[in-house]
>>> print(open('structure-v3.cif').read())   # mmCIF, C-alpha atoms and all ligand atoms
data_query
#
loop_
_atom_site.label_atom_id
_atom_site.label_comp_id
_atom_site.auth_asym_id
_atom_site.auth_seq_id
_atom_site.Cartn_x
_atom_site.Cartn_y
_atom_site.Cartn_z
CA MET X 1 61.46 38.15 -26.66
CA CYS X 2 61.83 39.85 -23.30
CA VAL X 3 61.57 43.28 -24.91
CA THR X 4 58.01 42.65 -26.28
CA TYR X 5 56.79 40.66 -23.26
CA LEU X 6 57.48 43.34 -20.61
CA PRO X 7 55.31 46.17 -22.07
CA LEU X 8 52.51 43.65 -22.66
CA ARG X 9 52.42 42.78 -18.93
CA ARG X 10 52.59 46.44 -18.03
CA PHE X 11 49.46 47.36 -20.06
CA VAL X 12 47.36 44.19 -20.38
CA ILE X 13 47.05 43.37 -16.67
CA PRO X 14 45.90 46.85 -15.51
CA LEU X 15 43.56 47.05 -18.51
CA THR X 16 41.95 43.70 -17.62
CA LEU X 17 41.48 44.86 -14.03
CA VAL X 18 39.77 48.06 -15.15
CA LEU X 19 37.50 46.04 -17.47
CA LEU X 20 36.55 43.63 -14.68
CA ILE X 21 35.64 46.47 -12.28
CA TRP X 22 33.51 48.17 -14.97
CA VAL X 23 31.60 44.94 -15.81
CA SER X 24 30.84 44.17 -12.17
CA HIS X 25 29.63 47.76 -11.57
CA SER X 26 27.31 47.76 -14.55
CA LEU X 27 25.88 44.35 -13.56
CA SER X 28 24.98 45.48 -10.04
CA ALA X 29 23.47 48.69 -11.47
CA GLN X 30 21.26 46.56 -13.76
CA GLN X 31 20.07 44.40 -10.86
CA SER X 32 18.72 47.41 -8.96
CA SER X 33 17.35 49.10 -12.08
CA PRO X 34 13.54 49.54 -11.97
CA ALA X 35 13.44 49.04 -15.74
CA ILE X 36 14.14 45.32 -15.31
CA ALA X 37 11.06 43.32 -14.36
CA PRO X 38 11.55 41.25 -11.20
CA ALA X 39 11.14 37.49 -11.49
CA PRO X 40 7.64 36.33 -10.46
CA GLN X 41 7.79 35.47 -6.76
CA THR X 42 4.41 33.98 -5.88
CA GLU X 43 2.77 30.87 -7.24
CA THR X 44 -0.97 30.41 -6.92
CA THR X 45 -0.68 26.65 -6.50
CA GLU X 46 0.85 25.26 -3.35
CA THR X 47 3.85 23.05 -3.97
CA ASP X 48 4.59 19.75 -2.25
CA SER X 49 7.36 21.40 -0.22
CA GLN X 50 4.60 23.40 1.58
CA ARG X 51 2.73 20.22 2.64
CA PRO X 52 2.22 20.25 6.45
CA GLN X 53 4.57 18.02 8.43
CA GLU X 54 1.97 16.57 10.78
CA LYS X 55 2.03 13.62 13.17
CA ALA X 56 -1.05 11.49 13.92
CA ARG X 57 -3.30 13.31 16.39
CA ARG X 58 -5.52 11.99 19.18
CA ALA X 59 -7.16 15.40 19.50
CA TYR X 60 -7.40 18.52 17.34
CA LEU X 61 -8.22 22.02 18.62
CA GLY X 62 -10.06 20.62 21.63
CA ARG X 63 -11.91 17.81 19.80
CA VAL X 64 -11.15 14.10 20.27
CA VAL X 65 -10.37 12.45 16.90
CA ALA X 66 -12.46 9.31 16.23
CA ALA X 67 -10.98 6.04 14.92
CA PRO X 68 -11.90 5.22 11.30
CA MET X 69 -14.94 3.00 10.90
CA SER X 70 -13.84 -0.53 9.92
CA HIS X 71 -14.82 -2.07 6.58
CA LEU X 72 -16.35 -4.90 8.65
CA GLY X 73 -19.19 -2.51 9.51
CA ALA X 74 -19.75 -1.39 5.89
CA GLY X 75 -23.22 -2.94 5.83
CA TRP X 76 -24.41 -0.15 8.16
CA LEU X 77 -23.61 2.45 5.48
CA ILE X 78 -26.13 0.92 3.07
CA ARG X 79 -28.81 0.06 5.66
CA PRO X 80 -32.38 0.35 4.33
CA THR X 81 -33.33 2.89 7.03
CA ARG X 82 -30.61 5.40 6.01
CA GLN X 83 -32.94 7.18 3.58
CA GLN X 84 -35.55 7.86 6.23
CA GLU X 85 -33.02 8.69 8.99
CA GLU X 86 -30.74 11.07 7.06
CA ARG X 87 -32.70 12.03 3.89
CA PRO X 88 -29.62 11.73 1.61
CA ASP X 89 -31.74 12.54 -1.48
CA GLU X 90 -32.40 15.97 0.00
CA SER X 91 -28.67 16.50 0.66
CA LEU X 92 -27.82 15.32 -2.84
CA SER X 93 -30.14 17.89 -4.41
CA GLN X 94 -28.51 20.61 -2.25
CA LEU X 95 -24.99 19.77 -3.52
CA GLY X 96 -25.51 21.51 -6.89
CA ILE X 97 -23.79 18.73 -8.83
CA LYS X 98 -24.09 19.18 -12.60
CA PRO X 99 -23.37 16.84 -15.54
CA GLY X 100 -19.70 16.91 -16.54
CA MET X 101 -18.36 17.95 -13.14
CA THR X 102 -15.29 16.43 -11.50
CA THR X 103 -16.41 15.48 -8.01
CA CYS X 104 -14.75 13.69 -5.12
CA ASP X 105 -16.33 11.42 -2.52
CA MET X 106 -13.75 11.67 0.27
CA GLY X 107 -13.91 8.70 2.64
CA CYS X 108 -16.28 6.98 0.23
CA GLY X 109 -16.59 3.70 2.17
CA ASN X 110 -18.52 1.19 0.05
CA GLY X 111 -19.84 3.94 -2.20
CA PHE X 112 -23.30 4.86 -0.87
CA TRP X 113 -22.74 8.45 -2.05
CA THR X 114 -20.29 7.69 -4.88
CA LEU X 115 -22.84 5.82 -6.98
CA MET X 116 -25.53 8.47 -6.49
CA MET X 117 -23.04 11.20 -7.51
CA ALA X 118 -21.84 9.19 -10.53
CA LYS X 119 -25.38 9.11 -11.93
CA VAL X 120 -25.70 12.91 -11.62
CA VAL X 121 -22.33 13.86 -13.19
CA GLY X 122 -23.04 11.47 -16.08
CA GLU X 123 -20.67 10.07 -18.70
CA GLN X 124 -18.81 13.36 -19.20
CA GLY X 125 -18.14 13.75 -15.48
CA ARG X 126 -16.34 11.63 -12.90
CA VAL X 127 -16.26 10.79 -9.23
CA LEU X 128 -12.89 10.40 -7.57
CA ALA X 129 -13.69 7.98 -4.76
CA VAL X 130 -11.04 8.10 -2.03
CA ASP X 131 -10.66 5.80 0.96
CA ILE X 132 -7.77 4.49 3.07
CA GLN X 133 -9.19 0.95 3.34
CA PRO X 134 -8.66 -1.17 0.19
CA GLU X 135 -11.52 -3.43 1.35
CA MET X 136 -13.94 -0.47 1.17
CA LEU X 137 -12.76 0.36 -2.38
CA GLN X 138 -13.22 -3.29 -3.39
CA LYS X 139 -16.80 -3.24 -2.11
CA LEU X 140 -17.36 0.01 -4.03
CA ARG X 141 -15.96 -1.54 -7.25
CA LEU X 142 -18.32 -4.52 -6.97
CA ARG X 143 -21.33 -2.25 -6.43
CA ALA X 144 -20.32 -0.04 -9.39
CA VAL X 145 -19.97 -3.08 -11.71
CA ARG X 146 -23.36 -4.38 -10.57
CA GLU X 147 -24.96 -1.03 -11.42
CA GLU X 148 -22.93 -0.69 -14.68
CA ILE X 149 -21.41 2.60 -13.52
CA LYS X 150 -18.15 3.44 -15.33
CA ASN X 151 -17.28 7.02 -14.33
CA VAL X 152 -15.92 6.24 -10.86
CA GLN X 153 -12.19 6.36 -10.20
CA PRO X 154 -11.31 4.61 -6.92
CA ILE X 155 -8.24 6.11 -5.22
CA LEU X 156 -6.42 4.47 -2.32
CA GLY X 157 -5.38 7.44 -0.18
CA THR X 158 -3.19 7.51 2.90
CA VAL X 159 -4.08 9.03 6.29
CA ASP X 160 -2.38 12.30 5.31
CA ASP X 161 -2.67 12.38 1.51
CA PRO X 162 -5.81 11.70 -0.55
CA LYS X 163 -3.73 11.65 -3.79
CA LEU X 164 -6.03 14.05 -5.62
CA PRO X 165 -5.12 15.93 -8.81
CA VAL X 166 -4.32 19.64 -8.35
CA GLU X 167 -7.03 22.29 -9.10
CA GLN X 168 -9.44 19.90 -10.82
CA VAL X 169 -12.24 19.28 -8.34
CA ASP X 170 -15.58 21.14 -8.51
CA LEU X 171 -17.05 19.55 -5.40
CA CYS X 172 -15.52 17.43 -2.65
CA LEU X 173 -18.15 15.68 -0.57
CA MET X 174 -17.19 14.51 2.93
CA VAL X 175 -19.88 12.56 4.72
CA ASP X 176 -19.25 11.35 8.25
CA VAL X 177 -15.50 11.18 7.66
CA TYR X 178 -13.77 14.46 8.53
CA HIS X 179 -13.94 13.76 12.29
CA GLU X 180 -11.96 10.52 11.60
CA PHE X 181 -8.96 12.28 10.04
CA SER X 182 -5.88 11.58 12.18
CA HIS X 183 -4.03 14.22 10.09
CA PRO X 184 -6.69 16.94 9.61
CA GLU X 185 -4.30 19.71 8.54
CA SER X 186 -2.57 17.56 5.91
CA MET X 187 -5.90 16.32 4.54
CA LEU X 188 -7.41 19.82 4.37
CA TRP X 189 -4.23 21.16 2.77
CA SER X 190 -4.42 18.49 0.04
CA ILE X 191 -8.15 18.93 -0.53
CA ARG X 192 -7.78 22.72 -0.67
CA ARG X 193 -5.12 22.32 -3.35
CA SER X 194 -7.33 19.96 -5.37
CA LEU X 195 -10.18 22.49 -5.69
CA LYS X 196 -10.85 24.69 -8.71
CA PRO X 197 -11.12 28.44 -7.80
CA ASN X 198 -14.92 28.08 -7.43
CA GLY X 199 -14.71 24.54 -6.07
CA VAL X 200 -16.21 23.69 -2.69
CA ILE X 201 -16.15 21.13 0.09
CA ALA X 202 -19.60 19.89 1.10
CA LEU X 203 -19.27 18.74 4.70
CA LEU X 204 -21.88 16.52 6.32
CA GLU X 205 -21.34 15.80 10.02
CA TYR X 206 -23.76 14.55 12.69
CA ARG X 207 -24.87 17.44 14.94
CA GLU X 208 -23.11 17.50 18.30
CA GLU X 209 -25.46 20.21 19.59
CA ASP X 210 -28.49 17.96 19.10
CA PRO X 211 -29.10 15.31 21.80
CA ARG X 212 -31.75 13.68 19.61
CA VAL X 213 -29.13 12.47 17.08
CA PRO X 214 -28.43 8.85 18.14
CA ILE X 215 -24.70 8.77 17.27
CA LYS X 216 -21.70 8.35 19.63
CA PRO X 217 -20.30 11.76 20.76
CA LYS X 218 -16.88 11.20 19.11
CA HIS X 219 -18.60 10.90 15.74
CA LYS X 220 -20.47 14.22 16.02
CA MET X 221 -19.30 17.82 15.49
CA SER X 222 -20.67 21.22 16.44
CA LYS X 223 -20.86 24.12 13.97
CA GLN X 224 -18.58 26.15 16.21
CA GLN X 225 -15.88 23.45 16.15
CA ILE X 226 -16.21 22.98 12.39
CA MET X 227 -15.79 26.73 11.83
CA LYS X 228 -12.72 26.82 14.10
CA GLU X 229 -10.99 23.99 12.23
CA TYR X 230 -11.87 25.05 8.69
CA GLU X 231 -11.00 28.74 9.13
CA LYS X 232 -7.65 27.76 10.61
CA ASN X 233 -6.93 25.73 7.47
CA GLY X 234 -7.65 28.36 4.82
CA PHE X 235 -11.38 27.92 4.19
CA LYS X 236 -14.45 30.16 4.44
CA LEU X 237 -18.10 29.19 4.83
CA VAL X 238 -20.02 30.05 1.63
CA ARG X 239 -23.36 28.22 2.10
CA GLU X 240 -25.22 26.00 4.53
CA TYR X 241 -28.39 23.93 4.62
CA ASN X 242 -30.03 23.52 8.00
CA ASP X 243 -33.05 21.29 7.37
CA LEU X 244 -31.62 17.77 7.61
CA PRO X 245 -32.86 15.46 10.37
CA TRP X 246 -29.42 14.54 11.84
CA GLN X 247 -26.59 16.38 10.08
CA HIS X 248 -25.03 19.78 9.50
CA LEU X 249 -24.47 20.45 5.78
CA MET X 250 -21.88 23.20 5.33
CA PHE X 251 -20.11 24.35 2.16
CA PHE X 252 -16.55 25.66 2.36
CA ALA X 253 -14.46 27.35 -0.36
CA ARG X 254 -10.79 28.32 -0.31
CA ASP X 255 -10.36 31.63 1.52
CA ASP X 256 -8.94 33.14 -1.71
CA SER X 257 -11.91 32.00 -3.83
CA PRO X 258 -14.19 34.63 -5.45
CA LEU X 259 -17.21 33.18 -3.59
CA PRO X 260 -18.47 35.50 -0.79
CA ALA X 261 -18.21 34.32 2.82
CA ILE X 262 -21.26 33.98 5.10
CA LYS X 263 -21.69 33.59 8.86
CA PRO X 264 -23.11 30.30 10.19
CA GLU X 265 -26.65 30.35 11.58
CA PRO X 266 -26.58 29.30 15.24
CA PHE X 267 -28.10 25.84 15.73
CA MET X 268 -31.26 25.70 17.91
CA VAL X 269 -32.75 22.43 19.14
CA GLN X 270 -36.42 22.33 18.10
CA ARG X 271 -38.65 20.71 20.70
C1 LIG Q 301 -18.14 6.33 8.56
S1 LIG Q 301 -17.46 5.91 7.01
C2 LIG Q 301 -18.44 6.92 5.91
C3 LIG Q 301 -18.47 6.39 4.49
C4 LIG Q 301 -19.27 7.21 3.49
N1 LIG Q 301 -18.82 8.57 3.45
C5 LIG Q 301 -20.74 7.17 3.77
O1 LIG Q 301 -21.29 8.14 4.33
O2 LIG Q 301 -21.38 6.17 3.43
C6 LIG Q 301 -15.88 6.76 7.01
C7 LIG Q 301 -14.93 6.29 5.91
O3 LIG Q 301 -13.87 7.23 5.82
C8 LIG Q 301 -12.66 6.55 5.61
N2 LIG Q 301 -11.52 7.38 6.05
C9 LIG Q 301 -11.07 7.67 7.30
N3 LIG Q 301 -9.99 8.46 7.26
C10 LIG Q 301 -9.74 8.71 5.96
C11 LIG Q 301 -8.75 9.48 5.26
N4 LIG Q 301 -7.78 10.15 5.89
N5 LIG Q 301 -8.81 9.52 3.91
C12 LIG Q 301 -9.78 8.85 3.24
N6 LIG Q 301 -10.72 8.11 3.84
C13 LIG Q 301 -10.71 8.04 5.18
C14 LIG Q 301 -12.82 5.25 6.41
O4 LIG Q 301 -11.94 4.28 5.94
C15 LIG Q 301 -14.30 4.93 6.15
O5 LIG Q 301 -14.46 4.13 5.03
#
>>> encode(input="structure-v3.cif", output="structure tokens", more="lines below")
Ligand SMILES: C[S@@+](CC[C@H](N)C(=O)[O-])C[C@H]1O[C@@H](n2cnc3c(N)ncnc32)[C@H](O)[C@@H]1O
Amino acid sequence: MCVTYLPLRRFVIPLTLVLLIWVSHSLSAQQSSPAIAPAPQTETTETDSQRPQEKARRAYLGRVVAAPMSHLGAGWLIRPTRQQEERPDESLSQLGIKPGMTTCDMGCGNGFWTLMMAKVVGEQGRVLAVDIQPEMLQKLRLRAVREEIKNVQPILGTVDDPKLPVEQVDLCLMVDVYHEFSHPESMLWSIRRSLKPNGVIALLEYREEDPRVPIKPKHKMSKQQIMKEYEKNGFKLVREYNDLPWQHLMFFARDDSPLPAIKPEPFMVQR
């Protein structure tokens, strides 16, 4: 027994060691070999782990953040004079909404814009109507039922997450809401991720530069401030419409979108 065992130990152990060294050498040579394709490192879609960790803000980049408008004041959003004061029909025709599109009405309130958009996208399209106040969404639901509109999907968002699907939105409309975001970076990050490559944000904000616009200062924004905040959050200006009575209408795409960037026209008060 001992006679056969001893030579085995003498040869098998050194042989195993030699084998192990050879295998580890050839493995490390393979890893650095240019013939082996590296694993893909970048993903085009942002993952949840990249979501900004943001606390509620009182101010953002020099602008005071406004408190959200309460659902108790929702009647003001559907006041009869809104048409004449803001000319929403004109804005709607500028949005370029087409039948079949997936659109979003961010901060939809009681649905003044949602219902108009729903009629344009038609049965094949949809409007994702997001708000943080359940009471606003309930008012929207009632108005949609009354008008027999079925292509609206109400979404109860949170202050930092609108709960939108990824890369599905053609147009995200934000009327008189962006300046109320307590978590602007988180909201813009989520909205950016929800857009298709050619998708855009259509931003309507009351003009801060214009003393004739009868809105409280905290609820107005200047073009310069808008540009500062949107460029910082991965957007570029791709279109604007400067003929509304009270509001800026600016279109932003992701900064990696194929749409070409433009410079904003300076705003001049006409006397
Ligand atoms: C002044 S209202 C405008 C409503 C509507 N866009 C319109 O023009 O008729 C602003 C709305 O935005 C909502 N809002 C504020 N912060 C929000 C957020 N982070 N996400 C979604 N909605 C928000 C408020 O609850 C409110 O209903």
>>> residues_near_ligand(input="structure-v3.cif", ligand="ligand LIG 301 (chain Q)", cutoff="6 Å", atoms="only C-alpha atoms and all ligand atoms", output="JSON, numbers by chain")
{"X": [68, 69, 77, 106, 107, 108, 109, 112, 130, 131, 132, 133, 157, 159, 160, 162, 175, 176, 177, 180, 181]}
>>> closest_atom_pairs(input="structure-v3.cif", of="range 33-104 of chain X", to="range 196-210 of chain X", cutoff="12 Å", atoms="all atoms listed in the file", output="CSV")
residue,atom,partner,partner_atom,distance
X:Thr44,CA,X:Pro197,CA,10.4
X:Thr45,CA,X:Lys196,CA,10.6
X:Arg63,CA,X:Glu208,CA,11.3
X:Glu85,CA,X:Tyr206,CA,11.6
X:Glu86,CA,X:Tyr206,CA,9.6
X:Arg87,CA,X:Leu204,CA,12.0
X:Pro88,CA,X:Leu204,CA,10.2
X:Ser91,CA,X:Leu204,CA,8.8
X:Leu92,CA,X:Ala202,CA,10.2
X:Gln94,CA,X:Ala202,CA,9.5
X:Leu95,CA,X:Ala202,CA,7.1
X:Gly96,CA,X:Ala202,CA,10.1
X:Ile97,CA,X:Ala202,CA,10.8
X:Met101,CA,X:Gly199,CA,10.3
X:Thr102,CA,X:Gly199,CA,9.8
X:Thr103,CA,X:Gly199,CA,9.4
X:Cys104,CA,X:Ile201,CA,9.2
>>> closest_residue(input="structure-v3.cif", among="X:Gln247, X:Asn110, X:Ser70, X:Gln153", to="Arg212 in chain X", atoms="only C-alpha atoms")
X:Gln247
>>> closest_residue(input="structure-v3.cif", among="X:Asp243, X:Glu147, X:Asp256, X:Glu135", to="Met268 in chain X", atoms="all atoms listed in the file")
X:Asp243
>>> closest_residue(input="structure-v3.cif", among="X:Gln168, X:Asn151, X:Thr158, X:Ser93", to="Tyr241 in chain X", atoms="all atoms listed in the file")
X:Ser93
